[in-house]
file start26.txt (compact mmCIF, C-alpha atoms)
# COMPACT_ATOMS: atom_id res chain seq x y z
CA MET A 1 10.70 21.89 6.93
CA ILE A 2 10.76 19.73 10.03
CA SER A 3 10.80 15.95 9.58
CA LEU A 4 9.83 13.66 12.43
CA ASN A 5 10.04 9.89 12.60
CA PRO A 6 7.14 8.53 14.67
CA ASP A 7 9.11 5.34 15.35
CA THR A 8 11.51 7.38 17.50
CA LEU A 9 8.74 9.07 19.54
CA THR A 10 6.72 7.71 22.44
CA GLY A 11 2.98 7.14 22.10
CA ARG A 12 2.36 10.26 24.19
CA GLU A 13 4.69 12.33 22.00
CA ASN A 14 2.95 11.04 18.84
CA TYR A 15 -0.44 11.89 20.37
CA LYS A 16 0.65 15.43 21.25
CA LEU A 17 2.13 15.92 17.79
CA LEU A 18 -0.99 14.66 16.00
CA SER A 19 -3.56 16.43 18.14
CA GLY A 20 -1.57 19.66 18.17
CA SER A 21 -1.22 19.54 14.39
CA ILE A 22 -4.91 19.11 13.67
CA ILE A 23 -6.59 21.35 16.26
CA PRO A 24 -7.47 23.91 15.00
CA ARG A 25 -7.90 22.00 11.80
CA PRO A 26 -5.63 23.36 9.05
CA VAL A 27 -5.86 22.38 5.40
CA ALA A 28 -4.01 19.15 4.67
CA PHE A 29 -2.04 19.03 1.44
CA VAL A 30 -1.94 15.36 0.46
CA THR A 31 0.59 14.09 -2.03
CA THR A 32 0.56 10.69 -3.69
CA LEU A 33 2.52 9.02 -6.46
CA SER A 34 0.78 7.21 -9.31
CA SER A 35 2.02 3.87 -10.62
CA GLU A 36 3.23 5.83 -13.68
CA GLY A 37 5.36 8.10 -11.46
CA VAL A 38 3.13 11.20 -11.58
CA LEU A 39 3.20 13.23 -8.34
CA ASN A 40 -0.36 14.20 -7.37
CA GLY A 41 -1.20 16.92 -4.86
CA ALA A 42 -4.58 17.93 -3.45
CA PRO A 43 -5.87 20.02 -0.52
CA PHE A 44 -8.23 18.46 2.03
CA SER A 45 -10.07 20.25 4.80
CA TYR A 46 -11.48 16.98 6.17
CA PHE A 47 -8.83 14.86 7.79
CA SER A 48 -8.45 13.61 11.32
CA ILE A 49 -6.47 11.59 13.84
CA VAL A 50 -7.28 7.88 13.92
CA ALA A 51 -4.78 6.66 16.54
CA SER A 52 -1.54 7.60 18.26
CA GLU A 53 -0.08 4.08 18.57
CA PRO A 54 0.66 3.61 15.74
CA PRO A 55 0.26 7.24 14.66
CA LEU A 56 -2.47 7.26 12.00
CA LEU A 57 -4.38 9.97 10.15
CA SER A 58 -7.44 9.62 7.93
CA VAL A 59 -8.31 11.63 4.84
CA SER A 60 -11.81 11.64 3.36
CA VAL A 61 -11.69 11.60 -0.45
CA GLN A 62 -14.92 12.05 -2.37
CA ARG A 63 -15.68 10.34 -5.67
CA VAL A 64 -16.65 12.08 -8.89
CA ASP A 65 -19.58 10.33 -10.60
CA GLY A 66 -18.70 7.15 -8.68
CA VAL A 67 -15.05 7.19 -9.83
CA SER A 68 -12.16 7.42 -7.34
CA LYS A 69 -10.12 10.60 -7.47
CA ASP A 70 -6.39 10.39 -8.20
CA THR A 71 -5.46 10.82 -4.52
CA ALA A 72 -7.53 7.84 -3.38
CA ARG A 73 -6.56 5.63 -6.31
CA ASN A 74 -2.85 6.38 -5.91
CA ALA A 75 -2.91 5.91 -2.13
CA MET A 76 -4.63 2.54 -2.46
CA GLU A 77 -2.33 1.36 -5.27
CA GLN A 78 0.91 2.52 -3.61
CA LYS A 79 -0.30 1.97 -0.03
CA ALA A 80 1.14 5.36 0.90
CA PHE A 81 0.38 9.06 0.99
CA VAL A 82 1.97 12.10 2.64
CA VAL A 83 0.05 14.74 4.59
CA HIS A 84 1.63 18.20 4.57
CA ILE A 85 0.17 20.87 6.86
CA THR A 86 -0.44 24.22 5.17
CA ASP A 87 0.09 27.61 6.72
CA GLU A 88 -0.73 31.13 5.64
CA ASP A 89 2.48 31.33 3.61
CA ASN A 90 1.53 28.50 1.26
CA VAL A 91 -2.26 28.07 1.50
CA GLY A 92 -2.82 30.08 -1.71
CA ALA A 93 -0.52 27.85 -3.74
CA VAL A 94 -2.04 24.72 -2.18
CA ASN A 95 -5.58 25.87 -3.06
CA VAL A 96 -4.57 26.14 -6.73
CA THR A 97 -3.86 22.39 -6.71
CA ALA A 98 -7.59 21.74 -6.25
CA SER A 99 -7.88 22.07 -10.05
CA ARG A 100 -9.17 18.99 -11.83
CA LEU A 101 -6.37 17.68 -13.99
CA SER A 102 -5.99 14.40 -15.83
CA PRO A 103 -4.16 11.62 -13.96
CA GLU A 104 -1.18 12.15 -16.29
CA GLU A 105 -0.71 15.76 -15.10
CA SER A 106 0.91 16.77 -11.82
CA GLU A 107 -0.69 19.51 -9.72
CA ILE A 108 2.71 20.11 -8.16
CA THR A 109 4.17 21.67 -11.32
call {"tool": "encode", "arguments": {"input": "start26.txt", "output": "structure tokens"}}
result
Amino acid sequence: MISLNPDTLTGRENYKLLSGSIIPRPVAFVTTLSSEGVLNGAPFSYFSIVASEPPLLSVSVQRVDGVSKDTARNAMEQKAFVVHITDEDNVGAVNVTASRLSPEESEIT
């Protein structure tokens, strides 16, 4: 896995990284951590670039019967989430994480 620190890249480099990562749009695998320490993972086909300076992405998370899903709730509580880009080697495993589990269960395991 390649790790990049956007603080060490120029605005142009961040733009090229973000736009090149999302077009064509792959499935985003978003991980969050609950306040209880449960690692949540969920696939999202709708995410996009917001800005390159600072580098920002957006993820659209639906609600179920008006209730926030774990991903949205965790991201808002922790003020953080991680977007992983899937490829053909791991898209099958990532799709399995779309299962509806209780907030106390981790999709990662």
call {"tool": "residues_near_point", "arguments": {"input": "start26.txt", "point": "(10.2, 13.8, 10.4)", "cutoff": "12 Å", "atoms": "all atoms listed in the file", "output": "ChimeraX atom specification"}}
result
/A:1-9,14,17,82-84
call {"tool": "write_last_selection", "arguments": {"input": "start26.txt", "atoms": "C-alpha atoms", "output": "mmCIF file, in the coordinates of the input"}}
result
data_model
loop_
_atom_site.group_PDB
_atom_site.id
_atom_site.type_symbol
_atom_site.label_atom_id
_atom_site.label_comp_id
_atom_site.auth_asym_id
_atom_site.auth_seq_id
_atom_site.Cartn_x
_atom_site.Cartn_y
_atom_site.Cartn_z
ATOM 1 C CA MET A 1 10.700 21.890 6.930
ATOM 2 C CA ILE A 2 10.760 19.730 10.030
ATOM 3 C CA SER A 3 10.800 15.950 9.580
ATOM 4 C CA LEU A 4 9.830 13.660 12.430
ATOM 5 C CA ASN A 5 10.040 9.890 12.600
ATOM 6 C CA PRO A 6 7.140 8.530 14.670
ATOM 7 C CA ASP A 7 9.110 5.340 15.350
ATOM 8 C CA THR A 8 11.510 7.380 17.500
ATOM 9 C CA LEU A 9 8.740 9.070 19.540
ATOM 10 C CA ASN A 14 2.950 11.040 18.840
ATOM 11 C CA LEU A 17 2.130 15.920 17.790
ATOM 12 C CA VAL A 82 1.970 12.100 2.640
ATOM 13 C CA VAL A 83 0.050 14.740 4.590
ATOM 14 C CA HIS A 84 1.630 18.200 4.570
#
call {"tool": "closest_residue", "arguments": {"input": "start26.txt", "among": "A:Ile108, A:Ala98, A:Val61, A:Val38", "to": "A:Gln78", "atoms": "all atoms listed in the file"}}
result
A:Val38
call {"tool": "atom_distance", "arguments": {"input": "start26.txt", "atom1": "atom CA of A:Ser99", "atom2": "atom CA of A:Ser48"}}
result
23.0 Å
call {"tool": "closest_residue", "arguments": {"input": "start26.txt", "among": "A:Ala51, A:Leu33, A:Leu57, A:Ala28", "to": "A:Ala72", "atoms": "all atoms listed in the file"}}
result
A:Leu33
call {"tool": "atom_distance", "arguments": {"input": "start26.txt", "atom1": "atom CA of A:Glu105", "atom2": "atom CA of A:Asn40"}}
result
7.9 Å
call {"tool": "closest_residue", "arguments": {"input": "start26.txt", "among": "A:Thr10, A:Ala42, A:Tyr15, A:Ser102", "to": "A:Gln62", "atoms": "all atoms listed in the file"}}
result
A:Ala42
call {"tool": "closest_residue", "arguments": {"input": "start26.txt", "among": "A:Glu107, A:Val64, A:Phe81, A:Ser58", "to": "A:Val94", "atoms": "all atoms listed in the file"}}
result
A:Glu107
